[in-house]
>>> print(open('data02.cif').read())   # mmCIF, C-alpha atoms
data_model
loop_
_atom_site.label_atom_id
_atom_site.label_comp_id
_atom_site.auth_asym_id
_atom_site.auth_seq_id
_atom_site.Cartn_x
_atom_site.Cartn_y
_atom_site.Cartn_z
CA MET A 1460 7.71 -13.08 16.13
CA ALA A 1461 8.49 -14.22 12.60
CA ARG A 1462 11.85 -13.36 11.12
CA VAL A 1463 11.11 -11.81 7.71
CA LEU A 1464 13.76 -11.72 4.98
CA LEU A 1465 13.66 -9.86 1.67
CA PHE A 1466 15.95 -10.57 -1.28
CA GLY A 1467 17.05 -8.86 -4.48
CA PRO A 1468 14.93 -5.97 -5.76
CA LEU A 1469 12.42 -6.41 -2.89
CA ARG A 1470 15.10 -5.40 -0.42
CA ASP A 1471 15.83 -2.20 -2.36
CA LEU A 1472 12.13 -1.38 -2.64
CA ALA A 1473 11.46 -1.88 1.07
CA GLY A 1474 14.68 -0.30 2.30
CA TRP A 1475 15.25 -3.18 4.73
CA ARG A 1476 16.45 -6.75 4.46
CA GLU A 1477 15.43 -8.38 7.72
CA ARG A 1478 12.84 -7.64 10.39
CA GLU A 1479 11.00 -9.32 13.25
CA ILE A 1480 7.23 -9.08 12.77
CA GLU A 1481 4.42 -10.51 14.90
CA ALA A 1482 2.04 -12.53 12.70
CA ALA A 1483 0.12 -15.79 13.22
CA SER A 1484 -0.06 -16.63 9.53
CA LEU A 1485 1.47 -15.73 6.19
CA ALA A 1486 -1.77 -13.98 5.21
CA ALA A 1487 -1.63 -11.89 8.39
CA LEU A 1488 1.98 -11.01 7.68
CA ARG A 1489 1.11 -9.92 4.14
CA GLY A 1490 -1.74 -7.82 5.53
CA PHE A 1491 0.56 -6.11 8.01
CA LEU A 1492 3.10 -5.32 5.28
CA VAL A 1493 0.45 -4.00 2.84
CA ASP A 1494 -0.95 -1.67 5.52
CA GLU A 1495 2.51 -0.37 6.26
CA ASP A 1496 3.80 -0.03 2.70
CA ALA A 1497 1.33 -0.53 -0.15
CA ASP A 1498 4.04 -0.62 -2.84
CA LEU A 1499 5.96 -3.32 -1.00
CA GLY A 1500 2.76 -5.26 -0.31
CA ALA A 1501 1.91 -5.25 -4.02
CA ALA A 1502 5.45 -6.28 -4.98
CA LEU A 1503 5.37 -9.20 -2.51
CA ALA A 1504 2.25 -10.50 -4.28
CA GLY A 1505 3.76 -9.83 -7.71
CA PRO A 1506 4.41 -12.35 -10.48
CA GLY A 1507 7.12 -14.88 -9.81
CA VAL A 1508 7.61 -13.99 -6.14
CA GLN A 1509 7.91 -17.20 -4.12
CA VAL A 1510 7.70 -17.52 -0.35
CA ALA A 1511 9.79 -19.87 1.75
CA VAL A 1512 8.89 -20.66 5.36
CA ASP A 1513 11.79 -22.17 7.28
CA GLN A 1514 13.62 -22.56 3.95
CA ALA A 1515 10.88 -24.59 2.22
CA VAL A 1516 8.83 -23.00 -0.56
CA VAL A 1517 5.13 -22.81 0.34
CA ARG A 1518 1.99 -21.98 -1.63
CA GLY A 1519 -1.11 -20.24 -0.29
CA ASP A 1520 -1.52 -19.44 3.39
CA VAL A 1521 0.35 -21.21 6.17
CA GLY A 1522 0.50 -20.71 9.90
CA LEU A 1523 3.56 -19.10 11.45
CA SER A 1524 5.03 -19.81 14.86
CA ALA A 1525 7.44 -17.92 17.05
CA GLY A 1526 10.79 -18.12 15.35
CA SER A 1527 9.43 -18.92 11.87
CA GLU A 1528 11.68 -17.65 9.12
CA VAL A 1529 9.74 -16.18 6.18
CA ALA A 1530 11.67 -15.32 3.02
CA PHE A 1531 10.20 -13.48 0.03
CA LEU A 1532 12.09 -14.62 -3.08
CA PRO A 1533 11.71 -12.55 -6.25
CA PRO A 1534 12.41 -14.25 -9.59
CA MET A 1535 15.85 -15.81 -9.37
CA SER A 1536 18.49 -14.55 -11.72
CA GLY A 1537 21.00 -17.38 -11.64
CA GLY A 1538 24.65 -16.71 -10.93
CA MET B 105 31.10 -30.12 -2.15
CA ILE B 106 28.67 -27.26 -2.64
CA ARG B 107 29.77 -23.99 -1.13
CA LEU B 108 29.20 -20.23 -1.28
CA ALA B 109 32.28 -18.05 -0.85
CA GLU B 110 32.47 -14.42 0.24
CA GLN B 111 36.12 -14.13 -0.76
CA PRO B 112 38.01 -14.63 -4.05
CA PHE B 113 39.13 -18.20 -4.73
CA ASP B 114 41.83 -19.95 -6.74
CA PRO B 115 40.35 -22.31 -9.37
CA GLY B 116 43.71 -24.08 -9.78
CA ALA B 117 43.88 -24.96 -6.10
CA LEU B 118 40.30 -26.25 -6.20
CA LEU B 119 41.08 -28.42 -9.22
CA SER B 120 44.21 -29.87 -7.57
CA GLU B 121 42.25 -30.73 -4.45
CA PHE B 122 39.36 -32.22 -6.46
CA THR B 123 41.63 -34.38 -8.62
CA ARG B 124 43.76 -35.76 -5.78
CA GLY B 125 43.47 -39.41 -4.74
CA ARG B 126 41.26 -40.72 -7.53
CA ALA B 127 42.19 -44.11 -8.92
CA GLU B 128 38.96 -45.06 -10.71
CA THR B 129 37.99 -41.66 -12.13
CA GLY B 130 39.10 -41.42 -15.74
CA ALA B 131 37.89 -37.87 -16.36
CA VAL B 132 37.58 -34.59 -14.50
CA ALA B 133 35.96 -31.66 -16.32
CA THR B 134 35.85 -28.15 -14.91
CA PHE B 135 34.32 -24.81 -15.73
CA THR B 136 35.38 -21.46 -14.27
CA GLY B 137 33.18 -18.41 -14.86
CA ILE B 138 34.81 -14.99 -14.63
CA ALA B 139 33.11 -11.64 -14.04
CA ARG B 140 33.29 -9.48 -17.19
CA ALA B 141 33.99 -5.76 -17.23
CA GLU B 142 31.62 -5.30 -20.23
CA ARG B 143 34.03 -2.65 -21.56
CA GLY B 144 33.71 -0.48 -18.49
CA ALA B 145 29.91 -0.76 -18.17
CA THR B 146 30.21 -2.96 -15.08
CA THR B 147 32.52 -1.92 -12.29
CA VAL B 148 31.25 -4.40 -9.72
CA LEU B 149 28.87 -7.36 -9.82
CA GLU B 150 26.92 -8.04 -6.64
CA LEU B 151 25.47 -11.48 -6.02
CA GLU B 152 23.05 -12.20 -3.24
CA ALA B 153 22.15 -15.70 -2.08
CA TYR B 154 19.86 -17.08 0.64
CA PRO B 155 22.38 -19.03 2.73
CA GLY B 156 21.20 -22.57 3.42
CA PHE B 157 18.36 -22.40 0.89
CA THR B 158 20.64 -21.62 -2.05
CA GLU B 159 23.02 -24.51 -1.28
CA ALA B 160 20.07 -26.88 -0.75
CA GLU B 161 18.48 -25.95 -4.09
CA ILE B 162 21.81 -26.37 -5.90
CA GLY B 163 22.15 -29.70 -4.08
CA LYS B 164 18.91 -30.98 -5.65
CA ILE B 165 20.28 -30.33 -9.16
CA ALA B 166 23.62 -31.79 -8.17
CA ASP B 167 21.82 -35.00 -7.18
CA GLN B 168 20.09 -35.05 -10.59
CA ALA B 169 23.46 -34.64 -12.29
CA ARG B 170 25.03 -37.44 -10.24
CA GLU B 171 22.30 -39.83 -11.28
CA ARG B 172 21.86 -38.72 -14.89
CA PHE B 173 25.57 -38.78 -15.77
CA GLY B 174 26.77 -41.42 -13.31
CA LEU B 175 29.19 -39.03 -11.66
CA HIS B 176 31.75 -40.21 -9.14
CA ASP B 177 31.84 -36.77 -7.54
CA LEU B 178 31.25 -33.08 -8.14
CA ALA B 179 32.23 -29.73 -6.66
CA ILE B 180 30.49 -26.37 -7.00
CA LEU B 181 31.81 -23.18 -5.50
CA HIS B 182 29.96 -19.91 -6.12
CA ARG B 183 30.99 -16.42 -5.10
CA VAL B 184 28.53 -14.12 -3.37
CA GLY B 185 28.88 -10.48 -2.42
CA LYS B 186 30.78 -7.93 -4.48
CA ILE B 187 32.88 -9.29 -7.34
CA GLY B 188 35.25 -7.25 -9.46
CA PRO B 189 35.93 -7.74 -13.19
CA GLY B 190 38.39 -10.56 -13.80
CA GLU B 191 37.57 -12.38 -10.57
CA PRO B 192 36.35 -15.98 -10.76
CA ILE B 193 32.65 -16.12 -9.92
CA VAL B 194 31.85 -19.82 -10.20
CA PHE B 195 33.79 -23.10 -10.29
CA VAL B 196 32.27 -26.44 -11.25
CA ALA B 197 34.16 -29.74 -11.34
CA THR B 198 32.76 -33.14 -12.28
CA ALA B 199 34.41 -36.54 -12.00
CA ALA B 200 33.31 -39.56 -14.02
CA GLY B 201 34.65 -42.77 -15.47
CA HIS B 202 34.92 -41.28 -18.96
CA ARG B 203 35.15 -37.81 -20.48
CA ARG B 204 31.71 -37.49 -22.15
CA ALA B 205 29.80 -37.81 -18.88
CA ALA B 206 32.15 -35.37 -17.13
CA PHE B 207 31.85 -32.74 -19.91
CA GLU B 208 28.08 -33.06 -20.18
CA ALA B 209 27.47 -32.95 -16.44
CA CYS B 210 29.57 -29.78 -16.18
CA ASP B 211 27.57 -28.17 -19.01
CA PHE B 212 24.25 -29.29 -17.42
CA LEU B 213 25.19 -27.84 -14.03
CA MET B 214 26.29 -24.52 -15.51
CA ASP B 215 23.06 -24.14 -17.50
CA TYR B 216 21.12 -24.58 -14.26
CA LEU B 217 23.38 -22.26 -12.28
CA LYS B 218 23.13 -19.49 -14.90
CA SER B 219 19.36 -19.58 -15.31
CA LYS B 220 17.55 -20.93 -12.24
CA ALA B 221 19.78 -21.06 -9.19
CA PRO B 222 18.64 -18.92 -6.22
CA PHE B 223 20.84 -15.88 -6.71
CA TRP B 224 19.94 -12.23 -7.25
CA LYS B 225 22.39 -10.31 -9.34
CA LYS B 226 23.03 -6.58 -9.50
CA GLU B 227 25.41 -4.73 -11.77
CA HIS B 228 27.05 -1.60 -10.46
CA GLY B 229 28.31 0.61 -13.28
CA PRO B 230 29.13 4.24 -14.06
CA ASP B 231 25.46 4.80 -15.00
CA GLY B 232 24.10 3.39 -11.73
CA ASP B 233 22.89 0.03 -10.46
CA ARG B 234 20.55 -2.45 -12.08
CA TRP B 235 19.19 -5.87 -11.21
CA ILE B 236 19.86 -8.51 -13.86
CA GLU B 237 17.44 -11.19 -15.08
CA PRO B 238 18.49 -14.34 -16.96
CA THR B 239 18.73 -13.82 -20.73
CA ALA B 240 16.62 -15.65 -23.30
CA GLN B 241 19.80 -17.51 -24.22
CA ASP B 242 20.25 -18.66 -20.60
CA HIS B 243 16.70 -20.08 -20.62
CA ALA B 244 17.21 -21.71 -24.03
CA ASP B 245 20.45 -23.31 -22.79
CA ARG B 246 18.59 -24.75 -19.81
CA GLU B 247 15.81 -26.12 -22.04
CA ARG B 248 18.30 -28.30 -23.92
CA TRP B 249 18.30 -30.74 -20.98
CA SER B 250 14.56 -31.23 -20.56
#
>>> encode(input="data02.cif", output="structure tokens")
Amino acid sequence: MARVLLFGPLRDLAGWREREIEAASLAALRGFLVDEDADLGAALAGPGVQVAVDQAVVRGDVGLSAGSEVAFLPPMSGG
Amino acid sequence: MIRLAEQPFDPGALLSEFTRGRAETGAVATFTGIARAERGATTVLELEAYPGFTEAEIGKIADQARERFGLHDLAILHRVGKIGPGEPIVFVATAAGHRRAAFEACDFLMDYLKSKAPFWKKEHGPDGDRWIEPTAQDHADRERWS
């Protein structure tokens, strides 16, 4: 199970901030989320949204293991 | 020291602590940012961070500042959560041999923190809530250092 975290406007859109989801890869996780909530799925693939796996920003698809932490980071606003 | 704080903090106490016990530092510069009321348009500011990631990303810029300005030390404390008008939101202190480096490093760090640091900011006001993006001015300020 991956621990999935949403931040900023993505959290409001989804209506949740943290969930455990079974997925072997980032692509599989995106697929699961699109099937469940098309608006959220589109927003997660939107411009400027970065993904961090275990707190490191990744590009493209990566494998996930049990206990992976996946964070979807919308454009950062600064403090 | 790079830290996120859920509770209000006292900039004076942080400055006293930061300044103590320095014999070779000739200059300490600080900046304190305060949440504005925007004439009643903002009742509460809400700042979200990604604990661990946010401090690590700020740490990378802090390392750049140390090297670029030859800092002896620095401190950054940033509030997260709900912040009322008039409450300090960010504190930056820089220590260097001479004043120019301390001033410039403080300015450099604030331009990063205001435009690129991993925070998500929401204003709660009488007309509802809205997420805030950095302004064109924030980006222009950041560009001065590239």
>>> resolve_selection(input="data02.cif", expression="the PyMOL selection byres ((chain B) within 6 of (chain A))", output="VMD selection string")
chain B and resid 157 217 to 224 237 to 238
>>> atom_distance(input="data02.cif", atom1="CA of Val194 in chain B", atom2="CA of Ala131 in chain B")
20.0 Å
>>> axis_aligned_box(input="data02.cif", around="range 119-134 of chain B", padding_each_side="4 Å", output="JSON")
{"center_x": 40.0, "center_y": -36.6, "center_z": -10.4, "size_x": 16.4, "size_y": 24.9, "size_z": 19.9}
>>> resolve_selection(input="data02.cif", expression="the PyMOL selection byres ((chain B and resi 162-166) around 8)", output="JSON, numbers by chain")
{"B": [106, 158, 159, 160, 161, 167, 168, 169, 170, 178, 213, 216, 217, 221]}
>>> resolve_selection(input="data02.cif", expression="the PyMOL selection byres ((chain B and resi 150) around 12)", output="VMD selection string")
(chain A and resid 1467 1536 1538) or (chain B and resid 110 139 146 to 149 151 to 153 183 to 189 193 223 to 229 233 to 236)
>>> build_atoms(input="data02.cif", residues="range 1493-1520 of chain A", atoms="N, CA and C atoms", output="JSON list (two decimals), in the coordinates of the input")
[["chain", "number", "residue", "atom", "x", "y", "z"],
["A", 1493, "VAL", "N", 1.22, -4.84, 3.77],
["A", 1493, "VAL", "CA", 0.45, -4.00, 2.84],
["A", 1493, "VAL", "C", 0.01, -2.71, 3.54],
["A", 1494, "ASP", "N", -0.48, -2.85, 4.79],
["A", 1494, "ASP", "CA", -0.95, -1.67, 5.52],
["A", 1494, "ASP", "C", 0.19, -0.68, 5.74],
["A", 1495, "GLU", "N", 1.37, -1.23, 5.95],
["A", 1495, "GLU", "CA", 2.51, -0.37, 6.26],
["A", 1495, "GLU", "C", 3.10, 0.27, 5.01],
["A", 1496, "ASP", "N", 3.13, -0.50, 3.92],
["A", 1496, "ASP", "CA", 3.80, -0.03, 2.70],
["A", 1496, "ASP", "C", 3.09, -0.69, 1.51],
["A", 1497, "ALA", "N", 2.18, 0.06, 0.90],
["A", 1497, "ALA", "CA", 1.33, -0.53, -0.15],
["A", 1497, "ALA", "C", 2.16, -1.00, -1.34],
["A", 1498, "ASP", "N", 3.19, -0.23, -1.69],
["A", 1498, "ASP", "CA", 4.04, -0.62, -2.84],
["A", 1498, "ASP", "C", 4.74, -1.95, -2.56],
["A", 1499, "LEU", "N", 5.28, -2.07, -1.35],
["A", 1499, "LEU", "CA", 5.96, -3.32, -1.00],
["A", 1499, "LEU", "C", 4.96, -4.48, -0.98],
["A", 1500, "GLY", "N", 3.78, -4.23, -0.38],
["A", 1500, "GLY", "CA", 2.76, -5.26, -0.31],
["A", 1500, "GLY", "C", 2.39, -5.78, -1.69],
["A", 1501, "ALA", "N", 2.25, -4.86, -2.66],
["A", 1501, "ALA", "CA", 1.91, -5.25, -4.02],
["A", 1501, "ALA", "C", 3.06, -6.04, -4.65],
["A", 1502, "ALA", "N", 4.28, -5.59, -4.40],
["A", 1502, "ALA", "CA", 5.45, -6.28, -4.98],
["A", 1502, "ALA", "C", 5.58, -7.70, -4.42],
["A", 1503, "LEU", "N", 5.25, -7.87, -3.13],
["A", 1503, "LEU", "CA", 5.37, -9.20, -2.51],
["A", 1503, "LEU", "C", 4.37, -10.18, -3.12],
["A", 1504, "ALA", "N", 3.26, -9.64, -3.65],
["A", 1504, "ALA", "CA", 2.25, -10.50, -4.28],
["A", 1504, "ALA", "C", 2.44, -10.54, -5.79],
["A", 1505, "GLY", "N", 3.53, -9.96, -6.27],
["A", 1505, "GLY", "CA", 3.76, -9.83, -7.71],
["A", 1505, "GLY", "C", 4.11, -11.14, -8.39],
["A", 1506, "PRO", "N", 4.14, -11.13, -9.72],
["A", 1506, "PRO", "CA", 4.41, -12.35, -10.48],
["A", 1506, "PRO", "C", 5.80, -12.91, -10.19],
["A", 1507, "GLY", "N", 5.83, -14.20, -9.97],
["A", 1507, "GLY", "CA", 7.12, -14.88, -9.81],
["A", 1507, "GLY", "C", 7.73, -14.77, -8.43],
["A", 1508, "VAL", "N", 7.05, -14.09, -7.49],
["A", 1508, "VAL", "CA", 7.61, -13.99, -6.14],
["A", 1508, "VAL", "C", 7.20, -15.23, -5.34],
["A", 1509, "GLN", "N", 8.18, -16.00, -4.92],
["A", 1509, "GLN", "CA", 7.91, -17.20, -4.12],
["A", 1509, "GLN", "C", 8.15, -16.88, -2.64],
["A", 1510, "VAL", "N", 7.52, -17.69, -1.79],
["A", 1510, "VAL", "CA", 7.70, -17.52, -0.35],
["A", 1510, "VAL", "C", 8.24, -18.82, 0.23],
["A", 1511, "ALA", "N", 9.27, -18.71, 1.03],
["A", 1511, "ALA", "CA", 9.79, -19.87, 1.75],
["A", 1511, "ALA", "C", 9.58, -19.66, 3.24],
["A", 1512, "VAL", "N", 9.02, -20.68, 3.90],
["A", 1512, "VAL", "CA", 8.89, -20.66, 5.36],
["A", 1512, "VAL", "C", 9.84, -21.72, 5.89],
["A", 1513, "ASP", "N", 10.75, -21.28, 6.76],
["A", 1513, "ASP", "CA", 11.79, -22.17, 7.28],
["A", 1513, "ASP", "C", 12.51, -22.89, 6.14],
["A", 1514, "GLN", "N", 12.80, -22.14, 5.10],
["A", 1514, "GLN", "CA", 13.62, -22.56, 3.95],
["A", 1514, "GLN", "C", 12.94, -23.55, 3.03],
["A", 1515, "ALA", "N", 11.62, -23.74, 3.17],
["A", 1515, "ALA", "CA", 10.88, -24.59, 2.22],
["A", 1515, "ALA", "C", 9.84, -23.73, 1.52],
["A", 1516, "VAL", "N", 9.78, -23.81, 0.20],
["A", 1516, "VAL", "CA", 8.83, -23.00, -0.56],
["A", 1516, "VAL", "C", 7.41, -23.46, -0.25],
["A", 1517, "VAL", "N", 6.52, -22.50, 0.03],
["A", 1517, "VAL", "CA", 5.13, -22.81, 0.34],
["A", 1517, "VAL", "C", 4.21, -22.11, -0.65],
["A", 1518, "ARG", "N", 3.00, -22.63, -0.81],
["A", 1518, "ARG", "CA", 1.99, -21.98, -1.63],
["A", 1518, "ARG", "C", 0.77, -21.70, -0.77],
["A", 1519, "GLY", "N", 0.08, -20.58, -1.06],
["A", 1519, "GLY", "CA", -1.11, -20.24, -0.29],
["A", 1519, "GLY", "C", -0.75, -19.80, 1.12],
["A", 1520, "ASP", "N", -1.74, -19.91, 2.03],
["A", 1520, "ASP", "CA", -1.52, -19.44, 3.39],
["A", 1520, "ASP", "C", -1.00, -20.57, 4.27]]
